[in-house]
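Shown next: structure-v8.tsv, given as TSV, C-alpha atoms.
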chain	number	residue	atom	x	y	z
L	3	MET	CA	5.82	-8.33	35.13
L	4	GLU	CA	4.90	-4.76	34.42
L	5	THR	CA	6.88	-4.98	31.19
L	6	LEU	CA	5.01	-8.09	30.15
L	7	SER	CA	1.66	-6.43	30.69
L	8	LEU	CA	2.87	-3.44	28.66
L	9	LEU	CA	3.90	-5.79	25.83
L	10	LEU	CA	0.49	-7.46	25.90
L	11	GLN	CA	-1.22	-4.06	25.82
L	12	ILE	CA	0.83	-3.06	22.79
L	13	ALA	CA	0.09	-6.38	21.06
L	14	TRP	CA	-3.65	-6.00	21.65
L	15	THR	CA	-3.78	-2.32	20.65
L	16	PHE	CA	-1.99	-2.91	17.34
L	17	PHE	CA	-4.00	-6.06	16.67
L	18	VAL	CA	-7.20	-4.00	16.97
L	19	ILE	CA	-5.76	-1.26	14.75
L	20	GLY	CA	-4.85	-3.87	12.14
L	21	ALA	CA	-8.28	-5.46	12.27
L	22	PHE	CA	-10.29	-2.27	11.94
L	23	THR	CA	-8.35	-0.25	9.43
L	24	ILE	CA	-9.98	-0.41	6.05
L	25	GLY	CA	-8.80	1.73	3.20
L	26	GLY	CA	-5.04	1.91	3.61
L	27	GLY	CA	-2.32	3.96	5.23
L	28	TYR	CA	-3.94	7.29	5.86
L	29	ALA	CA	-7.06	5.71	7.32
L	30	MET	CA	-4.78	3.79	9.66
L	31	LEU	CA	-3.02	6.96	10.80
L	32	SER	CA	-6.10	8.37	12.47
L	33	LEU	CA	-6.67	5.08	14.31
L	34	ILE	CA	-3.06	4.92	15.51
L	35	GLN	CA	-3.20	8.53	16.60
L	36	ASN	CA	-6.42	7.89	18.47
L	37	GLU	CA	-5.15	4.78	20.29
L	38	VAL	CA	-1.48	5.49	20.85
L	39	VAL	CA	-1.48	9.24	21.47
L	40	ALA	CA	-4.95	10.02	22.83
L	41	ALA	CA	-6.08	6.85	24.60
L	42	HIS	CA	-2.80	5.45	25.98
L	43	GLY	CA	-0.55	8.51	25.91
L	44	TRP	CA	2.38	6.30	24.87
L	45	ILE	CA	3.93	8.98	22.66
L	46	THR	CA	3.37	12.72	22.31
L	47	GLU	CA	1.56	14.45	19.45
L	48	SER	CA	4.82	15.91	18.11
L	49	ALA	CA	6.59	12.54	18.22
L	50	PHE	CA	3.67	11.17	16.22
L	51	THR	CA	4.07	13.91	13.61
L	52	ASP	CA	7.75	12.96	13.33
L	53	ILE	CA	6.81	9.34	12.69
L	54	VAL	CA	4.52	10.42	9.87
L	55	ALA	CA	7.30	12.53	8.33
L	56	ILE	CA	9.81	9.69	8.63
L	57	SER	CA	7.30	7.27	7.13
L	58	GLN	CA	6.91	9.48	4.09
L	59	MET	CA	10.64	9.49	3.48
L	60	THR	CA	11.45	5.85	4.14
L	61	PRO	CA	10.30	2.77	2.32
L	62	GLY	CA	7.43	0.74	3.64
L	63	PRO	CA	3.81	1.25	4.58
L	64	ILE	CA	3.07	4.03	7.04
L	65	GLY	CA	1.17	1.70	9.39
L	66	ILE	CA	4.09	-0.69	9.69
L	67	ASN	CA	6.50	2.20	10.24
L	68	SER	CA	4.37	3.65	13.03
L	69	ALA	CA	4.00	0.30	14.78
L	70	THR	CA	7.75	-0.33	14.64
L	71	TYR	CA	8.60	3.12	15.98
L	72	VAL	CA	5.96	3.20	18.71
L	73	GLY	CA	6.83	-0.33	19.89
L	74	TYR	CA	10.45	0.73	20.31
L	75	GLU	CA	9.68	4.05	22.00
L	76	VAL	CA	7.26	2.62	24.54
L	77	LEU	CA	9.38	-0.35	25.65
L	78	TYR	CA	12.64	1.57	25.62
L	79	GLY	CA	10.99	4.40	27.51
L	80	ALA	CA	9.67	2.00	30.16
L	81	THR	CA	12.79	-0.11	30.70
L	82	GLY	CA	15.75	1.91	29.40
L	83	LEU	CA	16.95	-1.21	27.57
L	84	HIS	CA	17.57	-1.15	23.81
L	85	TRP	CA	16.85	-4.85	23.32
L	86	MET	CA	13.49	-4.42	25.04
L	87	GLY	CA	12.78	-1.63	22.56
L	88	VAL	CA	13.57	-3.97	19.68
L	89	LEU	CA	11.29	-6.60	21.19
L	90	GLY	CA	8.53	-4.00	21.50
L	91	SER	CA	8.98	-3.12	17.80
L	92	ALA	CA	8.67	-6.72	16.74
L	93	VAL	CA	5.60	-7.35	18.90
L	94	ALA	CA	3.80	-4.21	17.67
L	95	THR	CA	4.61	-4.87	14.00
L	96	LEU	CA	3.61	-8.53	14.01
L	97	SER	CA	0.41	-7.80	15.96
L	98	LEU	CA	-0.55	-5.20	13.37
L	99	ILE	CA	-0.31	-7.64	10.45
L	100	LEU	CA	-1.85	-10.68	12.17
L	101	PRO	CA	-5.53	-9.77	11.48
L	102	SER	CA	-4.78	-9.06	7.80
L	103	PHE	CA	-3.03	-12.38	7.61
L	104	ILE	CA	-6.02	-14.33	8.86
L	105	ILE	CA	-8.56	-12.43	6.76
L	106	VAL	CA	-6.58	-12.39	3.52
L	107	LEU	CA	-5.94	-16.13	3.76
L	108	LEU	CA	-9.69	-16.68	4.10
L	109	ILE	CA	-10.34	-14.47	1.07
L	110	VAL	CA	-7.64	-16.28	-0.93
L	111	ARG	CA	-9.32	-19.64	-0.38
L	112	PHE	CA	-12.60	-18.16	-1.59
L	113	TYR	CA	-10.81	-16.60	-4.56
L	114	THR	CA	-9.11	-19.77	-5.81
L	115	ARG	CA	-12.38	-21.66	-5.59
L	116	PHE	CA	-14.47	-19.14	-7.47
L	117	LYS	CA	-11.99	-17.80	-9.98
L	118	GLY	CA	-13.17	-18.61	-13.49
L	119	SER	CA	-16.89	-18.87	-12.69
L	120	THR	CA	-19.19	-16.56	-14.62
L	121	LEU	CA	-20.39	-14.88	-11.47
L	122	TYR	CA	-16.85	-14.13	-10.33
L	123	GLU	CA	-15.76	-12.83	-13.73
L	124	GLY	CA	-18.92	-10.73	-14.04
L	125	THR	CA	-18.41	-9.11	-10.64
L	126	MET	CA	-14.73	-8.55	-11.36
L	127	GLY	CA	-15.71	-6.87	-14.62
L	128	TRP	CA	-17.21	-4.19	-12.37
L	129	LEU	CA	-14.47	-4.12	-9.77
L	130	ARG	CA	-11.47	-3.88	-12.13
L	131	PRO	CA	-12.44	-0.52	-13.70
L	132	THR	CA	-13.25	0.76	-10.21
L	133	VAL	CA	-9.74	-0.12	-9.06
L	134	VAL	CA	-8.37	1.80	-12.05
L	135	GLY	CA	-10.29	4.84	-10.80
L	136	LEU	CA	-9.06	4.33	-7.23
L	137	ILE	CA	-5.43	4.18	-8.33
L	138	ALA	CA	-5.91	7.32	-10.40
L	139	ALA	CA	-7.41	8.98	-7.32
L	140	ALA	CA	-4.39	7.98	-5.19
L	141	ALA	CA	-2.13	9.69	-7.74
L	142	VAL	CA	-4.38	12.77	-8.04
L	143	ILE	CA	-4.48	13.22	-4.25
L	144	LEU	CA	-0.68	13.34	-4.21
L	145	VAL	CA	-0.75	16.17	-6.78
L	146	VAL	CA	-3.87	18.23	-6.07
L	147	ARG	CA	-5.41	19.15	-2.73
L	148	THR	CA	-9.14	19.87	-2.85
L	149	THR	CA	-10.86	21.98	-0.22
L	150	TRP	CA	-14.58	22.68	-0.15
L	151	THR	CA	-16.20	25.86	1.01
L	152	GLY	CA	-19.87	24.99	0.87
L	153	CYS	CA	-20.41	23.67	-2.63
L	154	VAL	CA	-17.45	25.47	-4.19
L	155	PRO	CA	-14.27	23.44	-4.54
L	156	SER	CA	-10.83	25.03	-4.65
L	157	PHE	CA	-7.74	23.23	-5.86
L	158	GLU	CA	-4.09	23.70	-5.01
L	159	ILE	CA	-0.92	21.83	-5.96
L	160	VAL	CA	0.60	19.78	-3.13
L	161	ARG	CA	3.90	21.59	-2.67
L	162	GLU	CA	5.49	18.82	-0.59
L	163	ASN	CA	5.40	16.60	-3.66
L	164	PHE	CA	5.68	19.23	-6.39
L	165	ALA	CA	8.30	21.75	-5.39
L	166	ASP	CA	8.37	23.65	-8.73
L	167	TRP	CA	8.22	23.28	-12.54
L	168	LYS	CA	11.13	20.84	-12.52
L	169	SER	CA	8.92	18.37	-10.65
L	170	TRP	CA	6.59	18.23	-13.67
L	171	LEU	CA	9.52	17.44	-15.98
L	172	LEU	CA	10.59	14.65	-13.62
L	173	LEU	CA	7.05	13.30	-13.62
L	174	ALA	CA	6.80	13.39	-17.41
L	175	ALA	CA	10.24	11.81	-17.90
L	176	ALA	CA	9.51	9.01	-15.43
L	177	PHE	CA	6.10	8.42	-17.04
L	178	ALA	CA	7.62	8.10	-20.52
L	179	ALA	CA	10.49	5.91	-19.34
L	180	SER	CA	8.11	3.61	-17.54
L	181	LEU	CA	5.27	3.43	-20.08
L	182	TRP	CA	7.21	3.25	-23.33
L	183	GLY	CA	10.71	2.36	-22.21
L	184	ARG	CA	9.55	-0.24	-19.66
L	185	VAL	CA	12.43	0.83	-17.42
L	186	ASN	CA	12.51	-0.97	-14.07
L	187	PRO	CA	10.74	1.15	-11.40
L	188	ILE	CA	13.61	0.68	-8.94
L	189	ILE	CA	16.00	2.26	-11.45
L	190	ILE	CA	13.51	5.11	-12.01
L	191	ILE	CA	13.33	5.82	-8.24
L	192	LEU	CA	17.13	5.83	-7.94
L	193	ALA	CA	17.35	8.13	-10.98
L	194	GLY	CA	14.79	10.42	-9.33
L	195	ALA	CA	16.92	10.61	-6.18
L	196	ALA	CA	20.06	11.38	-8.23
L	197	LEU	CA	18.27	14.09	-10.23
L	198	GLY	CA	16.85	15.56	-7.02
L	199	LEU	CA	20.41	15.97	-5.69
L	200	LEU	CA	21.52	17.54	-9.00
L	201	LEU	CA	18.59	19.90	-9.55
L	202	TYR	CA	17.85	21.22	-6.07
C	19	MET	CA	5.13	-24.03	-12.66
C	20	LYS	CA	8.25	-25.11	-10.81
C	21	GLU	CA	8.05	-24.72	-7.05
C	22	VAL	CA	9.57	-21.42	-5.99
C	23	PRO	CA	11.93	-21.72	-2.99
C	24	LEU	CA	10.75	-19.92	0.15
C	25	TRP	CA	14.00	-17.98	0.57
C	26	LYS	CA	13.57	-16.64	-2.94
C	27	ILE	CA	10.04	-15.40	-2.17
C	28	PHE	CA	11.42	-13.79	0.99
C	29	ALA	CA	14.30	-12.14	-0.93
C	30	VAL	CA	12.15	-10.79	-3.78
C	31	PHE	CA	9.62	-9.30	-1.38
C	32	ALA	CA	12.38	-7.78	0.73
C	33	LYS	CA	13.58	-6.08	-2.46
C	34	ILE	CA	10.03	-4.88	-3.20
C	35	GLY	CA	9.64	-3.62	0.38
C	36	ALA	CA	12.92	-1.74	0.22
C	37	PHE	CA	11.81	0.28	-2.79
C	38	THR	CA	8.23	1.04	-1.84
C	39	ILE	CA	8.06	4.66	-0.79
C	40	GLY	CA	4.67	6.21	-0.30
C	41	GLY	CA	2.37	3.35	0.58
C	42	GLY	CA	0.51	0.52	-1.07
C	43	TYR	CA	-0.17	1.98	-4.49
C	44	ALA	CA	3.50	2.78	-4.98
C	45	MET	CA	4.14	-0.92	-4.46
C	46	ILE	CA	2.08	-1.93	-7.49
C	47	PRO	CA	4.61	-1.04	-10.24
C	48	VAL	CA	7.47	-2.71	-8.36
C	49	ILE	CA	5.40	-5.84	-7.66
C	50	ARG	CA	4.27	-5.95	-11.27
C	51	SER	CA	7.74	-5.79	-12.74
C	52	GLU	CA	9.21	-8.28	-10.26
C	53	MET	CA	6.30	-10.75	-10.51
C	54	SER	CA	5.67	-10.79	-14.25
C	55	ARG	CA	9.39	-10.88	-15.04
C	56	ARG	CA	9.65	-14.12	-13.08
C	57	GLY	CA	6.32	-15.41	-14.38
C	58	TRP	CA	5.01	-15.65	-10.81
C	59	ILE	CA	1.82	-13.67	-11.31
C	60	SER	CA	0.35	-12.69	-14.65
C	61	GLU	CA	-0.56	-9.12	-15.58
C	62	ASP	CA	-4.23	-10.12	-15.74
C	63	GLU	CA	-4.26	-11.19	-12.11
C	64	LEU	CA	-2.89	-7.94	-10.74
C	65	PRO	CA	-6.14	-5.89	-10.71
C	66	ASP	CA	-7.88	-8.78	-8.89
C	67	ILE	CA	-5.16	-8.88	-6.28
C	68	VAL	CA	-5.28	-5.11	-5.79
C	69	ALA	CA	-9.09	-5.12	-5.48
C	70	LEU	CA	-9.12	-7.96	-2.98
C	71	SER	CA	-6.19	-6.56	-0.97
C	72	GLN	CA	-8.00	-3.26	-0.67
C	73	SER	CA	-11.21	-4.91	0.51
C	74	ALA	CA	-9.42	-6.64	3.40
C	75	PRO	CA	-8.53	-4.65	6.50
C	76	GLY	CA	-4.97	-3.70	7.35
C	77	VAL	CA	-2.01	-2.46	5.40
C	78	MET	CA	-2.61	-2.89	1.68
C	79	ALA	CA	1.03	-3.61	0.82
C	80	VAL	CA	1.08	-6.41	3.38
C	81	ASN	CA	-2.20	-7.79	2.04
C	82	ILE	CA	-0.75	-7.89	-1.47
C	83	SER	CA	2.28	-9.78	-0.15
C	84	ILE	CA	0.12	-12.31	1.71
C	85	PHE	CA	-1.94	-12.81	-1.41
C	86	ALA	CA	0.97	-13.14	-3.83
C	87	GLY	CA	2.92	-15.38	-1.43
C	88	TYR	CA	-0.06	-17.67	-1.11
C	89	ARG	CA	-0.40	-17.97	-4.88
C	90	LEU	CA	3.22	-19.14	-5.02
C	91	ARG	CA	3.60	-21.51	-2.08
C	92	GLY	CA	0.47	-21.54	0.07
C	93	VAL	CA	0.49	-20.40	3.69
C	94	ARG	CA	4.26	-20.81	4.03
C	95	GLY	CA	4.74	-18.70	0.92
C	96	SER	CA	2.53	-15.96	2.33
C	97	ILE	CA	4.51	-15.92	5.59
C	98	ALA	CA	7.79	-15.67	3.65
C	99	ALA	CA	6.44	-12.88	1.43
C	100	THR	CA	5.01	-10.88	4.35
C	101	LEU	CA	8.14	-11.09	6.50
C	102	GLY	CA	10.22	-10.20	3.45
C	103	SER	CA	8.17	-7.15	2.53
C	104	ILE	CA	8.14	-5.68	6.05
C	105	LEU	CA	11.78	-6.44	6.90
C	106	PRO	CA	13.40	-3.43	5.15
C	107	SER	CA	11.04	-0.85	6.66
C	108	PHE	CA	11.28	-2.58	10.05
C	109	LEU	CA	15.08	-2.35	10.05
C	110	ILE	CA	15.14	1.22	8.74
C	111	ILE	CA	12.64	2.54	11.29
C	112	LEU	CA	14.44	0.65	14.05
C	113	ALA	CA	17.72	2.25	12.99
C	114	ILE	CA	16.07	5.67	12.98
C	115	ALA	CA	14.52	5.08	16.40
C	116	LEU	CA	17.92	3.92	17.69
C	117	PHE	CA	20.26	6.46	16.11
C	118	PHE	CA	19.17	9.50	14.20
C	119	THR	CA	15.89	11.28	14.65
C	120	ALA	CA	17.43	14.38	13.06
C	121	PHE	CA	17.76	12.38	9.82
C	122	LYS	CA	14.72	14.01	8.23
C	123	ASP	CA	16.31	17.47	8.34
C	124	ASN	CA	19.42	16.34	6.48
C	125	PRO	CA	19.61	18.62	3.38
C	126	TRP	CA	20.85	15.78	1.15
C	127	VAL	CA	17.90	13.63	2.08
C	128	ILE	CA	15.48	16.50	1.48
C	129	ARG	CA	16.92	17.17	-2.00
C	130	ALA	CA	16.89	13.53	-3.03
C	131	PHE	CA	13.24	13.27	-2.00
C	132	LYS	CA	12.31	16.33	-4.03
C	133	GLY	CA	13.36	14.26	-7.03
C	134	ILE	CA	11.79	11.01	-5.86
C	135	ARG	CA	8.26	12.21	-5.07
C	136	PRO	CA	7.12	13.31	-8.56
C	137	VAL	CA	8.68	10.16	-10.00
C	138	VAL	CA	6.69	7.98	-7.59
C	139	ILE	CA	3.47	9.51	-8.93
C	140	SER	CA	4.36	8.47	-12.49
C	141	LEU	CA	5.06	4.99	-11.26
C	142	ILE	CA	1.53	4.85	-9.85
C	143	LEU	CA	0.05	6.14	-13.13
C	144	VAL	CA	1.70	3.70	-15.54
C	145	PRO	CA	0.22	0.45	-14.19
C	146	MET	CA	-3.09	2.30	-14.03
C	147	VAL	CA	-2.87	3.04	-17.77
C	148	ASP	CA	-2.09	-0.63	-18.48
C	149	MET	CA	-4.97	-1.80	-16.31
C	150	ALA	CA	-7.36	0.67	-17.94
C	151	ARG	CA	-6.48	-0.65	-21.40
C	152	LYS	CA	-7.40	-4.16	-20.34
C	153	SER	CA	-10.34	-3.62	-18.04
C	154	CYS	CA	-12.17	-0.51	-19.32
C	155	THR	CA	-13.62	-2.23	-22.37
C	156	THR	CA	-17.02	-0.52	-22.59
C	157	TRP	CA	-18.25	3.03	-22.01
C	158	TRP	CA	-19.89	2.22	-18.70
C	159	LYS	CA	-16.68	0.72	-17.37
C	160	TRP	CA	-14.91	3.99	-18.17
C	161	LEU	CA	-17.73	5.79	-16.40
C	162	LEU	CA	-17.24	3.57	-13.35
C	163	ALA	CA	-13.52	4.37	-13.27
C	164	VAL	CA	-14.07	8.12	-13.63
C	165	LEU	CA	-16.79	8.06	-10.99
C	166	ALA	CA	-14.49	6.28	-8.52
C	167	LEU	CA	-11.73	8.78	-9.28
C	168	VAL	CA	-13.93	11.83	-8.70
C	169	LEU	CA	-15.58	10.48	-5.55
C	170	VAL	CA	-12.28	9.59	-3.89
C	171	ALA	CA	-9.99	12.34	-5.13
C	172	PHE	CA	-12.32	15.34	-4.95
C	173	LEU	CA	-15.15	14.40	-2.62
C	174	GLY	CA	-13.12	12.46	-0.05
C	175	VAL	CA	-15.26	9.31	-0.12
C	176	SER	CA	-13.50	6.29	1.41
C	177	PRO	CA	-12.43	3.72	-1.25
C	178	ILE	CA	-13.85	0.92	0.84
C	179	TRP	CA	-17.42	2.22	0.47
C	180	ILE	CA	-16.99	2.46	-3.28
C	181	LEU	CA	-15.59	-1.06	-3.53
C	182	MET	CA	-18.39	-2.43	-1.36
C	183	CYS	CA	-21.11	-0.72	-3.44
C	184	VAL	CA	-19.57	-1.84	-6.74
C	185	LEU	CA	-19.12	-5.36	-5.38
C	186	VAL	CA	-22.80	-5.59	-4.44
C	187	ALA	CA	-23.98	-3.95	-7.67
C	188	GLY	CA	-21.71	-6.04	-9.90
C	189	PHE	CA	-22.65	-9.25	-8.11
C	190	GLY	CA	-26.34	-8.42	-8.28
C	191	VAL	CA	-26.37	-7.47	-11.94
C	192	THR	CA	-24.28	-10.47	-12.96
C	193	TYR	CA	-26.48	-12.80	-10.92
C	194	LEU	CA	-29.65	-11.48	-12.52
C	195	THR	CA	-28.37	-11.36	-16.09
C	196	GLU	CA	-26.31	-14.57	-16.15
C	197	ARG	CA	-28.43	-17.34	-14.68
C	198	LYS	CA	-26.01	-20.02	-15.81
C	199	TRP	CA	-23.39	-19.10	-13.18
C	200	LYS	CA	-23.38	-22.51	-11.52
C	201	ARG	CA	-20.42	-24.47	-12.81
Show me this structure written as structure tokens.
Amino acid sequence: METLSLLLQIAWTFFVIGAFTIGGGYAMLSLIQNEVVAAHGWITESAFTDIVAISQMTPGPIGINSATYVGYEVLYGATGLHWMGVLGSAVATLSLILPSFIIVLLIVRFYTRFKGSTLYEGTMGWLRPTVVGLIAAAAVILVVRTTWTGCVPSFEIVRENFADWKSWLLLAAAFAASLWGRVNPIIIILAGAALGLLLY
Amino acid sequence: MKEVPLWKIFAVFAKIGAFTIGGGYAMIPVIRSEMSRRGWISEDELPDIVALSQSAPGVMAVNISIFAGYRLRGVRGSIAATLGSILPSFLIILAIALFFTAFKDNPWVIRAFKGIRPVVISLILVPMVDMARKSCTTWWKWLLAVLALVLVAFLGVSPIWILMCVLVAGFGVTYLTERKWKR
């Protein structure tokens, strides 16, 4: 009974996180931290930091990774049973994506009805260049860290992503292979891993 | 278009999920190559899907999957795509939770990731270049893109505010200038 109420709590908590996170993975992190570490005390601060590190090294969105890990930890911690941990993972992960599912399906219906109308195309003519800028920003943030002291910005290279000058060569080579060679991105990632093992 | 089998949607998105390291934007190049190669989603549709996926709450990569799955086979397609795209990360994190938490300190893993991370950034940049060629057709559209870049990357403004403002402005201006919007 206690386990069931714990499962329901996890389901509700991750449902709320899924519904109120706007703006992607890193926005979601602060919400998860707030709910799971501070409000419920389900995992410790250092365990949370580990999840973030693991999420950066493994495939998949950081929000999904955190939900999976926390769901396992909490249920396994409470019952000592591995299969309960797996159940907790599944409940947390599915609860997290349920709000997106409902909302995106609503948007999709709207989209298919209005696609092609002048108003839709006109608005999209504004949104598409904005998305280009947002994607550029996502890439820039991974390379340069900006800190502000008053009105004076200072920039530094993100060392976790750019270890040394060889990183820039890797970036340039991957850019050329992808833009002009149209090499499959999966092959480029695997090549990056192989070169990382060779160069470092 | 021939009806795409659900298992195939599931399998392709599982492949996409397995190779997405570093969040939603890193998913774009993989989605693009897998989707346009199969003729599932055209290159022109991709910016729309990204914009709409970002405007909805939740994990962007999941939103893209729901969206793309729906385009292929309706609600059932979106369920297949979503489960497919989260399955690899679900299994990997579960395995890590079950077996090796010390995994991240493995020197081989650390070295491989030193090579992967810069490469991932290029893979984000290339679809951006392609999108810019198609969508930044006038000077003010370039300005919009640069403005969004500066606000988010250097001033820390949340992308959602920018999208909301541009949505309202674009809608308003189009509505006022193009009165013949009713089909």
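A straight line drawn from CA of Glu75 in chain L to CA of Ala115 in chain C is 7.5 Å long.
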Inset, instruction - Could you tell me which of L:Leu107, L:Ala179, L:Ala49, L:Leu192 comes closest to Thr38 in chain C if we count all atoms listed in the file? - result: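 For Thr38 in chain C, the nearest of the candidates is L:Leu192.
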Inset, instruction - Please determine the contact residues of chain L with respect to chain C at a cut-off of 6 Å, counting all atoms listed in the file, and supply them as a PyMOL selection string. - result: chain L and resi 20-21+23-26+58+61-63+102+120-121+124-125+128+130-132+134-136+139+141+143+148+163+169+173+176-177+181+187+191+194-195+197-199+202
Legend entry - For CA of Ser97 in chain L and CA of Val38 in chain L, the interatomic separation in Å (one decimal): 14.3 Å
Legend entry - d(CA of Thr156 in chain C, CA of Gly127 in chain L) in Å: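 Between CA of Thr156 in chain C and CA of Gly127 in chain L the gap works out to 10.3 Å.
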